[in-house]
file structure.txt (compact mmCIF, C-alpha atoms and all ligand atoms)
# COMPACT_ATOMS: atom_id res chain seq x y z
CA MET E 453 -54.72 18.67 24.38
CA SER E 454 -54.47 14.96 24.58
CA GLU E 455 -50.93 13.74 24.23
CA GLN E 456 -51.04 11.46 21.29
CA SER E 457 -48.38 8.88 21.30
CA PRO E 458 -46.89 8.79 17.85
CA PRO E 459 -47.72 5.30 16.61
CA ASP E 460 -46.34 6.04 13.15
CA ARG E 461 -42.96 6.53 14.57
CA THR E 462 -42.44 3.10 16.04
CA LYS E 463 -44.22 1.54 13.13
CA SER E 464 -42.13 3.33 10.59
CA SER E 465 -38.91 2.53 12.37
CA ASN E 466 -39.88 -1.13 12.29
CA ARG E 467 -40.68 -0.88 8.64
CA LEU E 468 -37.35 0.80 8.00
CA SER E 469 -35.42 -2.09 9.36
CA ASP E 470 -37.26 -4.42 7.03
CA PRO E 471 -34.79 -6.14 4.73
CA VAL E 472 -37.52 -6.33 2.08
CA VAL E 473 -37.25 -2.55 1.70
CA SER E 474 -33.56 -2.92 1.04
CA ARG E 475 -34.09 -5.57 -1.65
CA GLN E 476 -36.76 -3.43 -3.28
CA MET E 477 -34.34 -0.53 -3.27
CA VAL E 478 -31.79 -2.64 -5.14
CA ASN E 479 -34.39 -3.22 -7.85
CA HIS E 480 -35.37 0.45 -7.93
CA ILE E 481 -31.78 1.59 -8.39
CA ILE E 482 -31.26 -0.96 -11.14
CA ALA E 483 -34.47 0.23 -12.84
CA VAL E 484 -33.21 3.81 -12.69
CA ALA E 485 -29.89 2.72 -14.16
CA SER E 486 -31.25 0.59 -16.97
CA GLU E 487 -34.58 2.25 -17.85
CA ARG E 488 -34.33 5.73 -16.34
CA ASP E 489 -37.47 4.67 -14.46
CA SER E 490 -38.83 7.79 -12.74
CA ALA E 491 -41.46 5.88 -10.76
CA ALA E 492 -38.70 3.74 -9.24
CA PHE E 493 -36.69 6.90 -8.62
CA GLU E 494 -39.61 8.44 -6.78
CA LYS E 495 -39.71 5.43 -4.46
CA ILE E 496 -36.02 5.88 -3.71
CA PHE E 497 -36.66 9.56 -3.04
CA ARG E 498 -39.66 8.91 -0.75
CA TYR E 499 -37.60 6.58 1.35
CA PHE E 500 -34.14 8.13 1.35
CA GLY E 501 -34.83 11.85 0.76
CA PRO E 502 -36.19 12.48 4.27
CA ARG E 503 -33.40 10.38 5.80
CA VAL E 504 -30.60 12.06 3.90
CA LYS E 505 -32.04 15.43 4.90
CA ALA E 506 -32.17 14.31 8.53
CA TYR E 507 -28.56 13.18 8.24
CA MET E 508 -27.48 16.60 6.97
CA LEU E 509 -29.43 18.37 9.72
CA LYS E 510 -27.97 16.19 12.45
CA LEU E 511 -24.51 17.13 11.29
CA GLY E 512 -25.28 20.77 11.91
CA THR E 513 -26.16 21.86 8.38
CA ASP E 514 -28.89 24.50 8.37
CA GLY E 515 -32.30 23.73 6.87
CA ALA E 516 -31.83 25.27 3.42
CA LEU E 517 -28.42 23.72 2.86
CA ALA E 518 -29.64 20.36 4.21
CA GLU E 519 -32.44 20.41 1.61
CA GLU E 520 -29.94 21.43 -1.07
CA LEU E 521 -27.48 18.67 -0.19
CA MET E 522 -30.31 16.14 -0.04
CA GLN E 523 -31.37 17.19 -3.56
CA GLU E 524 -27.80 16.92 -4.79
CA THR E 525 -27.61 13.46 -3.28
CA MET E 526 -30.77 12.44 -5.16
CA VAL E 527 -29.42 13.88 -8.42
CA SER E 528 -26.21 11.88 -7.89
CA ILE E 529 -28.22 8.72 -7.27
CA TRP E 530 -29.95 9.23 -10.61
CA ARG E 531 -26.70 9.94 -12.45
CA LYS E 532 -24.56 7.28 -10.81
CA ALA E 533 -27.19 4.54 -10.69
CA ASP E 534 -25.27 2.52 -13.30
CA LYS E 535 -22.25 2.49 -10.98
CA PHE E 536 -24.25 0.87 -8.18
CA ASP E 537 -23.11 -2.71 -7.58
CA PRO E 538 -25.17 -4.73 -5.07
CA ALA E 539 -22.19 -7.06 -4.60
CA LYS E 540 -20.17 -4.15 -3.26
CA ALA E 541 -22.68 -2.16 -1.25
CA ALA E 542 -26.25 -2.28 0.02
CA PRO E 543 -28.41 0.62 -1.24
CA SER E 544 -28.26 2.36 2.13
CA THR E 545 -24.46 1.98 2.23
CA TRP E 546 -24.08 3.39 -1.25
CA ILE E 547 -26.37 6.32 -0.54
CA PHE E 548 -24.69 6.99 2.80
CA THR E 549 -21.33 7.36 1.03
CA ILE E 550 -22.79 9.67 -1.65
CA ALA E 551 -24.40 11.92 0.96
CA ARG E 552 -21.29 11.93 3.13
CA ASN E 553 -19.01 12.86 0.22
CA LEU E 554 -21.28 15.65 -0.98
CA ARG E 555 -21.35 17.05 2.52
CA ILE E 556 -17.55 16.95 2.81
CA ASP E 557 -17.17 18.57 -0.61
CA ALA E 558 -19.60 21.33 0.31
CA TYR E 559 -17.64 22.21 3.44
CA ARG E 560 -14.12 21.68 2.20
CA LYS E 561 -14.47 22.99 -1.33
CA ALA E 562 -12.33 20.05 -2.30
CA SER E 563 -12.98 16.43 -3.04
CA ARG E 564 -12.70 13.82 -0.37
CA ALA E 565 -9.44 11.88 -0.54
CA GLU E 566 -10.08 8.36 -1.81
CA PRO E 567 -7.96 5.66 -3.38
CA ASP E 568 -8.37 5.07 -7.12
CA PRO E 569 -8.81 1.37 -8.03
CA HIS E 570 -7.61 2.11 -11.59
CA ASP E 571 -4.32 3.60 -10.40
CA PRO E 572 -1.40 1.32 -11.37
CA ALA E 573 -0.04 1.77 -7.83
CA PHE E 574 -3.30 0.47 -6.30
CA ARG E 575 -2.71 -2.87 -4.56
CA PRO E 576 -5.67 -5.06 -5.54
CA ASP E 577 -7.56 -7.40 -3.21
CA ALA E 578 -6.30 -10.92 -2.89
CA ASP E 579 -8.66 -13.48 -4.42
CA ALA E 580 -11.98 -13.17 -2.69
CA PRO E 581 -12.59 -15.94 -0.17
CA ALA E 582 -15.83 -17.86 -0.66
CA ASP E 583 -17.88 -15.94 1.91
CA ASP E 584 -16.77 -12.64 0.41
CA VAL E 585 -19.29 -13.23 -2.34
CA MET E 586 -22.04 -12.79 0.22
CA MET E 587 -24.25 -10.05 -1.07
CA GLN E 588 -23.90 -6.76 0.70
CA THR E 589 -27.64 -6.73 1.31
CA GLU E 590 -27.13 -9.82 3.45
CA ILE E 591 -24.35 -8.13 5.35
CA ALA E 592 -26.63 -5.15 5.88
CA GLU E 593 -29.30 -7.52 7.16
CA ARG E 594 -26.94 -8.94 9.75
CA LEU E 595 -25.87 -5.45 10.72
CA ARG E 596 -29.48 -4.38 11.13
CA LYS E 597 -30.08 -7.21 13.58
CA ILE E 598 -26.91 -6.51 15.51
CA ILE E 599 -27.52 -2.78 15.73
CA ALA E 600 -31.12 -3.34 16.80
CA THR E 601 -30.00 -5.55 19.68
CA LEU E 602 -27.21 -3.31 20.95
CA PRO E 603 -27.74 -1.88 24.44
CA GLU E 604 -29.26 1.59 24.11
CA GLU E 605 -26.14 3.38 25.36
CA GLN E 606 -23.94 1.66 22.79
CA ARG E 607 -26.31 2.33 19.92
CA THR E 608 -26.53 6.00 20.93
CA MET E 609 -22.75 6.26 20.96
CA LEU E 610 -22.59 4.64 17.54
CA GLN E 611 -25.15 7.10 16.14
CA LEU E 612 -23.31 10.03 17.67
CA SER E 613 -20.03 8.96 16.16
CA TYR E 614 -21.56 8.88 12.67
CA PHE E 615 -24.06 11.69 12.86
CA GLN E 616 -22.48 14.34 15.03
CA ASP E 617 -19.55 16.42 13.95
CA LYS E 618 -17.87 15.79 17.27
CA SER E 619 -14.70 14.18 18.49
CA HIS E 620 -14.87 11.58 21.25
CA ASN E 621 -13.62 14.32 23.55
CA GLU E 622 -16.48 16.65 22.68
CA ILE E 623 -19.07 13.88 23.04
CA SER E 624 -17.62 13.17 26.47
CA GLN E 625 -17.93 16.82 27.52
CA ASP E 626 -21.38 17.39 26.01
CA PHE E 627 -22.93 14.34 27.60
CA GLY E 628 -20.94 14.44 30.82
CA ILE E 629 -19.67 10.92 30.22
CA PRO E 630 -16.03 10.12 30.92
CA LEU E 631 -13.93 9.88 27.76
CA GLY E 632 -12.97 6.30 28.60
CA THR E 633 -16.66 5.34 28.75
CA VAL E 634 -17.37 6.97 25.38
CA LYS E 635 -14.53 5.01 23.84
CA SER E 636 -15.41 1.72 25.50
CA ARG E 637 -19.09 1.89 24.50
CA LEU E 638 -18.11 2.56 20.95
CA ARG E 639 -15.49 -0.16 21.02
CA LEU E 640 -18.01 -2.67 22.41
CA ALA E 641 -20.54 -1.74 19.73
CA MET E 642 -17.97 -2.12 16.98
CA GLN E 643 -16.72 -5.41 18.40
CA LYS E 644 -20.23 -6.84 18.17
CA VAL E 645 -20.55 -5.58 14.63
CA ARG E 646 -17.28 -7.18 13.60
CA HIS E 647 -18.06 -10.36 15.43
CA ALA E 648 -21.38 -10.63 13.61
CA LEU E 649 -19.58 -10.37 10.29
CA GLY E 650 -16.77 -12.75 11.15
CA ASP E 651 -13.84 -10.75 12.41
CA GLU E 652 -11.09 -10.45 9.81
CA THR E 653 -9.68 -7.11 10.80
CA PRO E 654 -5.92 -6.78 11.02
CA MET C 143 -3.52 -2.77 14.77
CA MET C 144 0.23 -2.21 14.31
CA HIS C 145 1.16 -1.06 10.78
CA HIS C 146 -2.46 -0.13 10.00
CA VAL C 147 -4.78 2.79 10.59
CA SER C 148 -6.33 2.85 14.08
CA ASP C 149 -10.02 2.09 14.59
CA GLU C 150 -10.76 5.62 15.69
CA MET C 151 -9.04 7.19 12.71
CA LEU C 152 -10.74 4.84 10.28
CA GLU C 153 -14.14 5.49 11.88
CA ASP C 154 -13.59 9.23 11.54
CA TYR C 155 -12.55 8.77 7.92
CA VAL C 156 -15.73 6.83 7.18
CA SER C 157 -18.05 9.16 9.06
CA GLY C 158 -16.48 12.13 7.26
CA GLN C 159 -15.02 13.82 10.33
CA LEU C 160 -11.35 13.40 9.57
CA SER C 161 -9.67 16.57 8.33
CA ALA C 162 -8.12 16.66 4.87
CA GLY C 163 -4.50 16.00 5.92
CA TRP C 164 -5.26 12.82 7.89
CA SER C 165 -7.78 11.75 5.24
CA LEU C 166 -5.07 11.94 2.61
CA GLY C 167 -2.88 9.66 4.73
CA VAL C 168 -5.69 7.19 5.33
CA ALA C 169 -6.79 7.14 1.68
CA THR C 170 -3.22 6.56 0.51
CA HIS C 171 -2.82 3.69 2.96
CA LEU C 172 -6.12 2.24 1.68
CA ALA C 173 -4.71 2.20 -1.85
CA LEU C 174 -2.06 -0.18 -0.55
CA CYS C 175 -4.05 -2.15 2.04
CA PRO C 176 -6.91 -4.47 1.02
CA ALA C 177 -7.44 -5.42 4.69
CA CYS C 178 -8.22 -1.85 5.73
CA ARG C 179 -10.43 -1.38 2.66
CA LYS C 180 -12.47 -4.26 3.99
CA ARG C 181 -12.75 -2.54 7.36
CA VAL C 182 -13.95 0.57 5.56
CA GLN C 183 -16.59 -1.47 3.74
CA VAL C 184 -17.97 -2.71 7.07
CA LEU C 185 -17.94 0.75 8.63
CA GLU C 186 -19.77 2.17 5.62
CA ALA C 187 -22.36 -0.58 5.85
CA VAL C 188 -22.91 0.43 9.47
CA GLY C 189 -23.38 4.01 8.29
CA GLY C 190 -25.97 2.78 5.80
CA VAL C 191 -27.96 0.90 8.43
CA LEU C 192 -27.85 3.90 10.76
CA LEU C 193 -29.10 6.04 7.87
CA GLU C 194 -32.05 3.67 7.39
CA ASN C 195 -32.91 4.04 11.06
CA ILE C 196 -32.56 7.78 11.30
CA GLU C 197 -35.72 9.74 12.19
CA PRO C 198 -36.89 11.08 8.79
CA VAL C 199 -37.37 14.83 8.30
CA PRO C 200 -39.93 16.23 5.83
CA THR C 201 -38.44 17.46 2.59
CA ALA C 202 -39.61 20.64 0.86
CA SER C 203 -42.98 20.29 -0.86
CA THR C 204 -41.34 20.90 -4.23
CA SER C 205 -38.34 18.64 -3.62
CA LEU C 206 -39.13 15.96 -6.15
CA GLN C 207 -39.98 18.48 -8.90
CA ASP C 208 -36.78 20.40 -8.14
CA ILE C 209 -34.74 17.24 -8.33
CA MET C 210 -36.35 16.12 -11.59
CA SER C 211 -35.71 19.49 -13.21
CA ARG C 212 -32.09 19.44 -12.04
CA ILE C 213 -31.74 16.02 -13.57
CA ALA C 214 -33.10 17.37 -16.85
CA GLU C 215 -30.50 20.17 -16.92
CA PRO C 216 -27.50 19.72 -19.20
CA ARG C 217 -24.65 18.32 -17.21
CA ASP C 218 -21.42 19.81 -18.56
CA GLU C 219 -20.03 19.93 -15.04
CA ILE C 220 -19.86 16.14 -15.04
CA ILE C 221 -17.41 16.23 -17.92
CA ALA C 222 -15.18 18.56 -15.97
CA VAL C 223 -15.24 16.33 -12.90
CA THR C 224 -13.98 13.14 -14.49
CA PRO C 225 -10.72 13.75 -16.33
CA THR C 226 -8.29 10.87 -16.34
CA SER C 227 -5.59 11.54 -13.83
CA PRO C 228 -3.07 13.89 -15.47
CA THR C 229 -0.32 12.58 -13.22
CA ARG C 230 -0.67 9.02 -14.48
CA PRO C 231 2.65 7.90 -15.90
CA ARG C 232 2.47 7.60 -19.66
CA GLY C 233 3.64 4.52 -21.49
CA GLY C 234 5.84 2.41 -19.19
CA ASN C 235 4.53 -0.29 -16.93
CA LEU C 236 6.43 1.11 -13.99
CA THR C 237 4.33 1.18 -10.85
CA PRO C 238 4.36 4.69 -9.43
CA ILE C 239 5.84 4.99 -5.95
CA LEU C 240 3.17 7.44 -4.88
CA PRO C 241 -0.35 6.00 -5.14
CA GLU C 242 -3.45 8.10 -5.69
CA PRO C 243 -4.79 10.27 -4.20
CA LEU C 244 -1.35 11.32 -2.95
CA ARG C 245 0.29 11.57 -6.40
CA GLN C 246 -2.28 14.04 -7.64
CA MET C 247 -2.01 16.07 -4.44
CA VAL C 248 1.77 16.57 -4.66
CA GLY C 249 1.71 16.95 -8.45
CA GLY C 250 3.50 13.85 -9.70
CA ASP C 251 5.58 10.87 -8.73
CA VAL C 252 8.76 11.15 -6.64
CA ALA C 253 11.12 11.73 -9.56
CA HIS C 254 9.21 14.87 -10.60
CA LEU C 255 9.32 16.57 -7.23
CA LYS C 256 11.62 19.24 -5.86
CA TRP C 257 13.28 17.66 -2.89
CA ARG C 258 14.84 19.96 -0.30
CA ARG C 259 17.74 18.69 1.75
CA LEU C 260 17.38 18.92 5.50
CA ASN C 261 20.83 17.42 6.09
CA GLY C 262 23.10 14.91 4.40
CA ASP C 263 20.66 12.06 4.99
CA VAL C 264 17.18 13.50 4.83
CA SER C 265 15.31 15.53 2.24
CA GLN C 266 11.69 16.52 2.09
CA VAL C 267 8.85 17.94 0.04
CA ILE C 268 6.29 19.99 1.93
CA PHE C 269 2.92 20.37 0.24
CA GLU C 270 -0.42 22.00 0.92
CA THR C 271 -3.68 20.13 1.40
CA GLY C 272 -5.70 23.20 2.33
CA ASP C 273 -6.03 21.79 5.86
CA GLN C 274 -4.88 24.22 8.53
CA THR C 275 -4.86 21.62 11.30
CA THR C 276 -2.20 19.36 9.85
CA SER C 277 1.03 19.61 7.96
CA CYS C 278 1.96 17.11 5.27
CA ARG C 279 5.32 16.26 3.78
CA LEU C 280 7.20 13.56 1.96
CA LEU C 281 10.44 12.51 3.60
CA ARG C 282 13.28 10.69 1.91
CA VAL C 283 15.94 9.14 4.14
CA LYS C 284 19.13 7.64 2.72
CA ALA C 285 19.41 3.88 3.01
CA GLY C 286 20.77 2.85 6.40
CA ARG C 287 20.68 6.40 7.78
CA PRO C 288 18.79 7.71 10.80
CA VAL C 289 16.29 10.54 11.10
CA ALA C 290 17.17 12.84 14.01
CA GLU C 291 15.64 11.60 17.23
CA HIS C 292 12.48 13.51 17.90
CA SER C 293 9.33 13.52 19.94
CA HIS C 294 6.03 14.97 18.82
CA GLY C 295 4.00 17.92 19.89
CA GLY C 296 0.98 15.90 18.79
CA ASN C 297 0.10 12.99 16.57
CA GLU C 298 2.17 11.82 13.67
CA PHE C 299 1.04 9.50 10.89
CA THR C 300 3.87 7.98 8.85
CA LEU C 301 3.14 5.87 5.79
CA VAL C 302 6.04 4.09 4.10
CA LEU C 303 5.97 4.32 0.30
CA ALA C 304 9.41 2.98 -0.62
CA GLY C 305 12.16 1.14 1.24
CA SER C 306 11.60 0.64 4.95
CA PHE C 307 12.51 2.01 8.34
CA SER C 308 12.87 0.57 11.81
CA ASP C 309 12.55 2.06 15.26
CA LYS C 310 11.75 0.70 18.69
CA LEU C 311 8.15 0.05 17.60
CA GLY C 312 9.10 -2.27 14.76
CA THR C 313 9.97 -2.38 11.07
CA PHE C 314 7.77 -0.64 8.52
CA ALA C 315 7.73 -1.30 4.77
CA ARG C 316 5.69 -0.06 1.77
CA GLY C 317 2.07 0.40 2.78
CA ASP C 318 2.74 0.23 6.54
CA VAL C 319 1.59 2.99 8.87
CA GLU C 320 3.20 4.06 12.11
CA LEU C 321 1.04 6.17 14.41
CA THR C 322 2.82 8.02 17.20
CA ASP C 323 1.81 10.73 19.66
CA GLU C 324 3.49 13.13 22.06
CA HIS C 325 4.47 10.30 24.39
CA VAL C 326 6.68 8.60 21.83
CA GLU C 327 10.26 9.60 21.34
CA HIS C 328 11.87 7.58 18.61
CA GLN C 329 14.76 7.44 16.21
CA PRO C 330 13.76 5.80 12.93
CA ILE C 331 16.55 4.33 10.81
CA ALA C 332 16.07 3.64 7.11
CA GLY C 333 16.53 0.04 5.97
CA PRO C 334 19.95 -0.78 4.46
CA ASP C 335 18.85 -1.66 0.91
CA GLU C 336 17.17 1.41 -0.48
CA ASP C 337 16.21 4.95 0.41
CA CYS C 338 13.08 5.17 2.51
CA ILE C 339 10.31 7.45 1.26
CA CYS C 340 7.44 8.25 3.61
CA LEU C 341 4.37 10.40 3.78
CA ALA C 342 4.31 12.14 7.15
CA VAL C 343 1.21 13.90 8.46
CA THR C 344 1.47 15.75 11.75
CA ASP C 345 -0.85 17.99 13.67
CA ALA C 346 1.95 20.00 15.22
CA PRO C 347 5.56 20.77 14.35
CA LEU C 348 8.05 18.04 15.23
CA ARG C 349 10.26 18.74 18.22
CA PHE C 350 13.82 17.74 17.64
CA ARG C 351 16.00 16.92 20.59
CA ASN C 352 19.20 18.36 19.26
CA PRO C 353 19.13 22.12 19.94
CA ILE C 354 21.02 22.86 16.73
CA VAL C 355 18.40 21.08 14.63
CA ARG C 356 15.78 22.93 16.64
CA LEU C 357 17.48 26.19 15.79
CA PHE C 358 17.14 25.44 12.10
CA GLN C 359 13.60 24.18 12.40
CA PRO C 360 11.86 27.44 11.39
CA LEU C 361 14.16 27.68 8.42
CA PHE C 362 13.27 24.27 7.07
CA LYS C 363 9.65 24.49 8.10
CA ILE C 364 9.83 21.19 9.99
ZN ZN V 701 -4.22 -1.37 6.64

call {"tool": "encode", "arguments": {"input": "structure.txt", "output": "structure tokens"}}
result
Amino acid sequence: MSEQSPPDRTKSSNRLSDPVVSRQMVNHIIAVASERDSAAFEKIFRYFGPRVKAYMLKLGTDGALAEELMQETMVSIWRKADKFDPAKAAPSTWIFTIARNLRIDAYRKASRAEPDPHDPAFRPDADAPADDVMMQTEIAERLRKIIATLPEEQRTMLQLSYFQDKSHNEISQDFGIPLGTVKSRLRLAMQKVRHALGDETP
Amino acid sequence: MMHHVSDEMLEDYVSGQLSAGWSLGVATHLALCPACRKRVQVLEAVGGVLLENIEPVPTASTSLQDIMSRIAEPRDEIIAVTPTSPTRPRGGNLTPILPEPLRQMVGGDVAHLKWRRLNGDVSQVIFETGDQTTSCRLLRVKAGRPVAEHSHGGNEFTLVLAGSFSDKLGTFARGDVELTDEHVEHQPIAGPDEDCICLAVTDAPLRFRNPIVRLFQPLFKI
């Protein structure tokens, strides 16, 4: 039994971070929206299906439900493709929010609370500053670089905070790391992210 | 981060770990705060990049066929999911005081609600979100009048929707959030010009200092 190192793994994770994939995905989603292009849809599925399923599993969903929620996510991608706006979200961002909302709805039996931009009480954005026009795919590219260069411990904390159904307190207990350290690693990671995007947070 | 949602709460909202009561508070603040919507956009982009980098898991061998046949199914359920908001005010150009998603949750704008008086100065509407871990209410405080001094058994999220209030932490107007925890004892006073209406989300009953108010607490469900 020779231990084979898994070369695919490292290779694939390099490929995943490739911004070209993201730009191709933009085109695929647009093709699904405008031409109901099932070949383009299959490419979206091949790439995101296994990742969305992994996301569901990491959050403690059992295998059958994870597959079910992944399929629902793919069906939503097909049906909502015309709502996708590359100026507002990168493909991975858009798909992340679809998967997240479906997961919340499945557990809560109620829709996730979100503001409604068409509500007369909704306070619209001030005029977009020049750099706000930057395509979300570019923002995602910057984020990819920043996240790839985070110290391991900070990246792990970031992943845990998104992909584990755990409070900071529970992460601290499970990993035997002081709560303050959990918070500071996460804060450092988020600071770098914001810095990379030009900090405009209130 | 004064007057806005904290980083931790916003991160939990974006990652989907915030319970329904807090999420309602955050979402309603977002309707009134372009700056926090921008923060959400960044956090969601981070979620997207992390999703790209997640270790993929094989899907079922029939996944794609299953998905394609589900897509081919008639989709009446979509029609049921997207009604225009029934609580939208008809006609008039008046801006509702309660933004969505709050307005839908309580069943209308402030004028349509049954307000219950707590005392001469304060009335409230308690409503259900289906979330057992929080309690949500709207509070209306008469202009220039105080809310009884209280501390908190836990966290409290207060979002101003009309008028304003002030306490030792500052002044809060429409769209502003005050986050307090069990260490804060404060006495908010409504601004002098108009009644102050707030959404208050708490994870434990408020503890009033005055024993008489405390006596009546179970009665008023505060
Ligand atoms: Zn804000």

call {"tool": "closest_residue", "arguments": {"input": "structure.txt", "among": "E:Asp571, E:Glu590, E:Asp489, E:Asp514", "to": "chain C", "atoms": "only C-alpha atoms"}}
result
E:Asp571

call {"tool": "closest_residue", "arguments": {"input": "structure.txt", "among": "C:Ala214, C:Ala315, C:Ile331, C:Val252", "to": "chain E", "atoms": "only C-alpha atoms"}}
result
C:Ala214

call {"tool": "atom_distance", "arguments": {"input": "structure.txt", "atom1": "CA of Gln523 in chain E", "atom2": "CA of Ala491 in chain E"}}
result
16.8 Å

call {"tool": "residues_around", "arguments": {"input": "structure.txt", "residues": "Ala518 in chain E", "least_positions_apart": "2", "cutoff": "9 Å", "atoms": "only C-alpha atoms", "output": "PyMOL selection string"}}
result
chain E and resi 504-509+512-516+520-523

call {"tool": "closest_residue", "arguments": {"input": "structure.txt", "among": "C:Gly158, C:Glu242, C:Gln274, C:Thr201", "to": "His570 in chain E", "atoms": "all atoms listed in the file"}}
result
C:Glu242

call {"tool": "residues_near_ligand", "arguments": {"input": "structure.txt", "ligand": "ligand ZN 701 (chain V)", "cutoff": "9 Å", "atoms": "only C-alpha atoms and all ligand atoms", "output": "PyMOL selection string"}}
result
(chain E and resi 653-654) or (chain C and resi 143-148+168+171-172+174-179+181+317-319)

call {"tool": "closest_residue", "arguments": {"input": "structure.txt", "among": "C:Asn195, C:Ser203, C:Ser306, C:Asn297", "to": "Thr276 in chain C", "atoms": "only C-alpha atoms"}}
result
C:Asn297

call {"tool": "interface_residues", "arguments": {"input": "structure.txt", "of": "chain C", "to": "chain E", "cutoff": "8 Å", "atoms": "all atoms listed in the file", "output": "PyMOL selection string"}}
result
chain C and resi 143+146+154+157-159+162+165-166+169-170+172-178+180-181+183-184+186-202+205-206+208-210+212-213+230+237-243

call {"tool": "closest_residue", "arguments": {"input": "structure.txt", "among": "C:Cys278, C:Met151, C:Leu185, C:Cys338", "to": "Leu244 in chain C", "atoms": "only C-alpha atoms"}}
result
C:Cys278

call {"tool": "atom_distance", "arguments": {"input": "structure.txt", "atom1": "CA of Ala641 in chain E", "atom2": "CA of Leu554 in chain E"}}
result
27.1 Å

call {"tool": "atom_distance", "arguments": {"input": "structure.txt", "atom1": "CA of Thr322 in chain C", "atom2": "CA of Lys284 in chain C"}}
result
21.8 Å

call {"tool": "build_atoms", "arguments": {"input": "structure.txt", "residues": "range 334-347 of chain C", "atoms": "N, CA, C and O atoms", "output": "compact mmCIF listing (two decimals), in the frame of the given file"}}
result
# COMPACT_ATOMS: atom_id res chain seq x y z
N PRO C 334 18.64 -0.88 5.12
CA PRO C 334 19.95 -0.78 4.46
C PRO C 334 19.90 -0.85 2.94
O PRO C 334 20.86 -0.46 2.28
N ASP C 335 18.81 -1.34 2.34
CA ASP C 335 18.85 -1.66 0.91
C ASP C 335 18.47 -0.52 -0.02
O ASP C 335 18.98 -0.42 -1.12
N GLU C 336 17.55 0.30 0.40
CA GLU C 336 17.17 1.41 -0.48
C GLU C 336 16.71 2.60 0.34
O GLU C 336 16.37 2.45 1.52
N ASP C 337 16.68 3.76 -0.28
CA ASP C 337 16.21 4.95 0.41
C ASP C 337 14.76 4.73 0.85
O ASP C 337 13.98 4.08 0.16
N CYS C 338 14.44 5.31 2.00
CA CYS C 338 13.08 5.17 2.51
C CYS C 338 12.31 6.45 2.21
O CYS C 338 12.75 7.55 2.55
N ILE C 339 11.18 6.30 1.54
CA ILE C 339 10.31 7.45 1.26
C ILE C 339 9.01 7.28 2.03
O ILE C 339 8.38 6.21 1.97
N CYS C 340 8.65 8.31 2.77
CA CYS C 340 7.44 8.25 3.61
C CYS C 340 6.57 9.47 3.39
O CYS C 340 7.08 10.55 3.09
N LEU C 341 5.28 9.27 3.60
CA LEU C 341 4.37 10.40 3.78
C LEU C 341 4.24 10.62 5.28
O LEU C 341 3.95 9.67 6.02
N ALA C 342 4.47 11.84 5.72
CA ALA C 342 4.31 12.14 7.15
C ALA C 342 3.24 13.21 7.31
O ALA C 342 3.31 14.27 6.69
N VAL C 343 2.24 12.92 8.13
CA VAL C 343 1.21 13.90 8.46
C VAL C 343 1.31 14.16 9.95
O VAL C 343 1.35 13.21 10.75
N THR C 344 1.40 15.42 10.33
CA THR C 344 1.47 15.75 11.75
C THR C 344 0.46 16.84 12.06
O THR C 344 0.06 17.60 11.18
N ASP C 345 0.05 16.90 13.32
CA ASP C 345 -0.85 17.99 13.67
C ASP C 345 -0.13 19.08 14.46
O ASP C 345 -0.73 20.00 14.94
N ALA C 346 1.16 18.95 14.57
CA ALA C 346 1.95 20.00 15.22
C ALA C 346 3.38 19.83 14.75
O ALA C 346 3.76 18.75 14.35
N PRO C 347 4.17 20.89 14.81
CA PRO C 347 5.56 20.77 14.35
C PRO C 347 6.31 19.72 15.16
O PRO C 347 6.06 19.56 16.35
